[in-house]
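Note: the block below is query.pdb and it holds PDB, C-alpha atoms.
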```pdb
ATOM      1  CA  MET A   1      24.355  29.938 -34.157
ATOM      2  CA  TYR A   2      24.888  32.281 -37.040
ATOM      3  CA  GLY A   3      25.158  35.749 -35.546
ATOM      4  CA  GLU A   4      26.729  37.178 -32.463
ATOM      5  CA  PHE A   5      24.618  38.041 -29.459
ATOM      6  CA  ASN A   6      23.793  41.737 -29.727
ATOM      7  CA  TYR A   7      23.658  43.075 -26.175
ATOM      8  CA  LEU A   8      22.816  46.600 -27.297
ATOM      9  CA  ALA A   9      19.871  45.419 -29.402
ATOM     10  CA  VAL A  10      18.594  43.388 -26.436
ATOM     11  CA  LEU A  11      18.853  46.424 -24.156
ATOM     12  CA  ILE A  12      17.067  48.679 -26.669
ATOM     13  CA  ALA A  13      14.353  46.068 -27.300
ATOM     14  CA  ALA A  14      13.774  45.720 -23.547
ATOM     15  CA  ILE A  15      13.533  49.497 -23.144
ATOM     16  CA  VAL A  16      11.057  49.662 -26.035
ATOM     17  CA  SER A  17       9.045  46.844 -24.442
ATOM     18  CA  ILE A  18       8.825  48.661 -21.095
ATOM     19  CA  ALA A  19       7.953  51.948 -22.810
ATOM     20  CA  LEU A  20       5.247  50.271 -24.878
ATOM     21  CA  GLY A  21       3.703  48.802 -21.721
ATOM     22  CA  MET A  22       3.729  52.197 -20.035
ATOM     23  CA  ILE A  23       1.983  53.739 -23.036
ATOM     24  CA  TRP A  24      -0.466  50.867 -23.670
ATOM     25  CA  TYR A  25      -1.713  50.748 -20.079
ATOM     26  CA  ALA A  26      -1.660  54.519 -19.494
ATOM     27  CA  GLN A  27      -5.013  56.028 -18.523
ATOM     28  CA  PRO A  28      -5.521  57.934 -21.818
ATOM     29  CA  VAL A  29      -4.782  54.864 -23.955
ATOM     30  CA  PHE A  30      -6.107  51.550 -22.555
ATOM     31  CA  GLY A  31      -5.604  52.105 -18.814
ATOM     32  CA  LYS A  32      -9.203  53.046 -18.055
ATOM     33  CA  LEU A  33     -10.486  50.135 -20.107
ATOM     34  CA  TRP A  34      -8.082  47.751 -18.370
ATOM     35  CA  LEU A  35      -9.325  48.953 -14.972
ATOM     36  CA  LYS A  36     -12.973  48.527 -15.990
ATOM     37  CA  LEU A  37     -12.471  45.078 -17.509
ATOM     38  CA  ASN A  38     -10.713  43.869 -14.381
ATOM     39  CA  GLY A  39     -13.241  45.384 -11.972
ATOM     40  CA  TYR A  40     -10.969  48.082 -10.575
ATOM     41  CA  THR A  41     -11.738  51.720  -9.848
ATOM     42  CA  THR A  42      -9.542  54.778 -10.282
ATOM     43  CA  LYS A  43      -9.055  54.670  -6.516
ATOM     44  CA  ASP A  44      -7.803  51.083  -6.821
ATOM     45  CA  ALA A  45      -5.393  52.186  -9.552
ATOM     46  CA  LYS A  46      -3.937  54.890  -7.334
ATOM     47  CA  LYS A  47      -3.507  52.372  -4.525
ATOM     48  CA  MET A  48      -1.831  49.850  -6.849
ATOM     49  CA  LYS A  49       0.504  52.520  -8.185
ATOM     50  CA  LYS A  50       1.406  53.584  -4.662
ATOM     51  CA  GLU A  51       2.080  49.984  -3.623
ATOM     52  CA  CYS A  52       4.416  49.308  -6.558
ATOM     53  CA  SER A  53       7.924  49.259  -5.197
ATOM     54  CA  GLY A  54      11.287  49.441  -6.836
ATOM     55  CA  LYS A  55      11.291  45.632  -6.709
ATOM     56  CA  THR A  56       8.223  45.564  -8.956
ATOM     57  CA  TYR A  57       9.882  47.737 -11.570
ATOM     58  CA  ILE A  58      13.161  45.839 -11.350
ATOM     59  CA  ALA A  59      11.280  42.562 -11.882
ATOM     60  CA  ALA A  60       9.514  44.051 -14.938
ATOM     61  CA  ILE A  61      12.829  45.238 -16.385
ATOM     62  CA  ILE A  62      14.440  41.837 -15.811
ATOM     63  CA  ALA A  63      11.454  40.125 -17.464
ATOM     64  CA  ALA A  64      11.757  42.426 -20.497
ATOM     65  CA  LEU A  65      15.499  41.755 -20.715
ATOM     66  CA  VAL A  66      14.967  37.984 -20.501
ATOM     67  CA  THR A  67      12.298  38.103 -23.215
ATOM     68  CA  ALA A  68      14.514  40.187 -25.493
ATOM     69  CA  ALA A  69      17.556  37.984 -24.812
ATOM     70  CA  VAL A  70      15.703  34.764 -25.605
ATOM     71  CA  LEU A  71      14.262  36.295 -28.759
ATOM     72  CA  GLU A  72      17.771  37.425 -29.731
ATOM     73  CA  LEU A  73      18.991  33.847 -29.365
ATOM     74  CA  ALA A  74      16.090  32.647 -31.518
ATOM     75  CA  MET A  75      16.819  35.274 -34.185
ATOM     76  CA  ASN A  76      20.449  34.188 -34.306
ATOM     77  CA  TYR A  77      19.575  30.506 -34.393
ATOM     78  CA  ILE A  78      17.218  30.828 -37.349
ATOM     79  CA  ASN A  79      19.261  33.598 -38.970
ATOM     80  CA  ALA A  80      16.427  36.160 -38.977
ATOM     81  CA  VAL A  81      18.118  39.311 -40.252
ATOM     82  CA  THR A  82      15.358  41.603 -41.481
ATOM     83  CA  PHE A  83      12.552  43.438 -39.748
ATOM     84  CA  ALA A  84      10.081  41.291 -41.711
ATOM     85  CA  ASN A  85      11.822  38.121 -40.428
ATOM     86  CA  GLY A  86      11.438  39.496 -36.920
ATOM     87  CA  LEU A  87       7.731  40.160 -37.441
ATOM     88  CA  TYR A  88       7.293  36.576 -38.614
ATOM     89  CA  VAL A  89       9.077  35.155 -35.576
ATOM     90  CA  GLY A  90       7.325  37.548 -33.191
ATOM     91  CA  PHE A  91       3.918  36.581 -34.549
ATOM     92  CA  PHE A  92       4.505  32.865 -34.194
ATOM     93  CA  VAL A  93       6.025  33.219 -30.724
ATOM     94  CA  TRP A  94       2.873  35.140 -29.772
ATOM     95  CA  LEU A  95       0.546  32.634 -31.457
ATOM     96  CA  GLY A  96       2.254  29.550 -30.070
ATOM     97  CA  PHE A  97       3.155  30.724 -26.581
ATOM     98  CA  ALA A  98       1.753  34.036 -25.332
ATOM     99  CA  ALA A  99      -1.813  33.759 -26.643
ATOM    100  CA  PRO A 100      -2.521  30.199 -25.467
ATOM    101  CA  ILE A 101      -0.759  30.594 -22.113
ATOM    102  CA  MET A 102      -2.618  33.817 -21.364
ATOM    103  CA  LEU A 103      -5.913  32.113 -22.194
ATOM    104  CA  GLY A 104      -5.589  30.401 -18.821
ATOM    105  CA  SER A 105      -6.634  33.686 -17.205
ATOM    106  CA  VAL A 106     -10.044  33.281 -18.851
ATOM    107  CA  LEU A 107     -10.343  29.525 -18.431
ATOM    108  CA  TRP A 108      -9.112  29.141 -14.860
ATOM    109  CA  GLU A 109      -9.172  32.579 -13.254
ATOM    110  CA  GLN A 110     -12.549  33.618 -14.677
ATOM    111  CA  LYS A 111     -11.127  36.849 -16.131
ATOM    112  CA  PRO A 112     -13.265  38.539 -18.776
ATOM    113  CA  VAL A 113     -12.563  37.599 -22.385
ATOM    114  CA  LYS A 114     -12.261  41.301 -23.244
ATOM    115  CA  ALA A 115      -9.509  41.691 -20.625
ATOM    116  CA  TYR A 116      -7.708  38.747 -22.210
ATOM    117  CA  LEU A 117      -8.062  40.308 -25.654
ATOM    118  CA  LEU A 118      -6.669  43.641 -24.445
ATOM    119  CA  ASN A 119      -3.684  41.992 -22.775
ATOM    120  CA  VAL A 120      -2.971  39.497 -25.541
ATOM    121  CA  ALA A 121      -3.127  42.316 -28.110
ATOM    122  CA  PHE A 122      -0.469  44.144 -26.097
ATOM    123  CA  TYR A 123       1.765  41.087 -26.216
ATOM    124  CA  LEU A 124       1.231  40.715 -29.945
ATOM    125  CA  VAL A 125       2.311  44.307 -30.601
ATOM    126  CA  ASN A 126       5.138  44.010 -28.078
ATOM    127  CA  LEU A 127       6.547  40.797 -29.540
ATOM    128  CA  LEU A 128       6.235  42.082 -33.105
ATOM    129  CA  ILE A 129       8.122  45.283 -32.320
ATOM    130  CA  ILE A 130      10.910  43.817 -30.239
ATOM    131  CA  SER A 131      11.376  40.849 -32.576
ATOM    132  CA  GLY A 132      11.542  43.212 -35.537
ATOM    133  CA  ILE A 133      14.154  45.334 -33.764
ATOM    134  CA  LEU A 134      16.265  42.323 -32.818
ATOM    135  CA  ALA A 135      16.194  40.741 -36.264
ATOM    136  CA  ALA A 136      16.958  43.964 -38.110
ATOM    137  CA  TRP A 137      19.746  45.099 -35.774
TER     138      TRP A 137
END
```

Whole structure given in structure tokens:
Amino acid sequence: MYGEFNYLAVLIAAIVSIALGMIWYAQPVFGKLWLKLNGYTTKDAKKMKKECSGKTYIAAIIAALVTAAVLELAMNYINAVTFANGLYVGFFVWLGFAAPIMLGSVLWEQKPVKAYLLNVAFYLVNLLIISGILAAW
């Protein structure tokens, strides 16, 4: 490996990832569309929000930290040191892993293609941003 593991960059990237998800799926942004595409009502959303426990949020934070940490290892391994390098890596991680894996929700779970597109677009933006941060830091 070329660089040292940057714990602060991983923490910041994970925080940015969580914040992006909160914004992306907020009601005024894509939250209402997400509900509609998945067959939920506003009442369902309130129930889901109420049922989310601290464990749910802790699991989401851990997932964001793991994603950022693995991307940090990848950035170090390939010596990606600019924001543009990070965008490149983020795009290909999305294209090779996130997009095809998430397609299973359409193929096997009968989720709407538009719901897939909304979610996979989130992961594209998310991976681009956090990979850019990690590479440039």

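Proximity to Trp24 (chain A) was assessed for A:Asn119, A:Ser131, A:Ile12, A:Tyr77 counting only C-alpha atoms; the smallest distance is recorded for A:Asn119.
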
Counting all atoms listed in the file, the residue among A:Leu118, A:Val10, A:Met102, A:Leu134 that lies closest to Lys36 (chain A) is A:Leu118

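Remark: for Phe30 (chain A), the closest of the candidate residues A:Lys49, A:Glu4, A:Ala121, A:Trp137 is A:Ala121 (distances computed over all atoms listed in the file).
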
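Taking CA of Ile61 (chain A) as the reference point, CA of Ile18 (chain A) is found at 7.1 Å.
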
Residues at most 12 Å from Phe97 (chain A), counting only C-alpha atoms, excluding those fewer than 6 positions away in the same chain, as a ChimeraX atom specification? /A:89-91,103-104,120,123-124,127

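Here CA of Glu109 (chain A) and CA of Leu37 (chain A) stand 13.6 Å from one another.
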
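From CA of Ile58 (chain A) back to CA of Ala135 (chain A), the distance works out to 25.6 Å.
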
All residues 12 Å or closer to Ile78 (chain A), all atoms listed in the file, same chain fewer than 6 positions away omitted, as a ChimeraX atom specification: /A:1-3,71-72,85-86,88-89,135

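Here the PyMOL selection byres ((chain A and resi 65) around 9) captures the residues A:Val10, A:Leu11, A:Ala13, A:Ala14, A:Ile15, A:Ala60, A:Ile61, A:Ile62, A:Ala63, A:Ala64, A:Val66, A:Thr67, A:Ala68, A:Ala69, A:Val70.
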
So that I have them on file, write out the residues from the current selection with C-alpha atoms, as an mmCIF file, in the frame of the given file.
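Saved to part-v4.cif:
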```cif
data_model
loop_
_atom_site.group_PDB
_atom_site.id
_atom_site.type_symbol
_atom_site.label_atom_id
_atom_site.label_comp_id
_atom_site.auth_asym_id
_atom_site.auth_seq_id
_atom_site.Cartn_x
_atom_site.Cartn_y
_atom_site.Cartn_z
ATOM 1 C CA VAL A 10 18.594 43.388 -26.436
ATOM 2 C CA LEU A 11 18.853 46.424 -24.156
ATOM 3 C CA ALA A 13 14.353 46.068 -27.300
ATOM 4 C CA ALA A 14 13.774 45.720 -23.547
ATOM 5 C CA ILE A 15 13.533 49.497 -23.144
ATOM 6 C CA ALA A 60 9.514 44.051 -14.938
ATOM 7 C CA ILE A 61 12.829 45.238 -16.385
ATOM 8 C CA ILE A 62 14.440 41.837 -15.811
ATOM 9 C CA ALA A 63 11.454 40.125 -17.464
ATOM 10 C CA ALA A 64 11.757 42.426 -20.497
ATOM 11 C CA VAL A 66 14.967 37.984 -20.501
ATOM 12 C CA THR A 67 12.298 38.103 -23.215
ATOM 13 C CA ALA A 68 14.514 40.187 -25.493
ATOM 14 C CA ALA A 69 17.556 37.984 -24.812
ATOM 15 C CA VAL A 70 15.703 34.764 -25.605
#
```
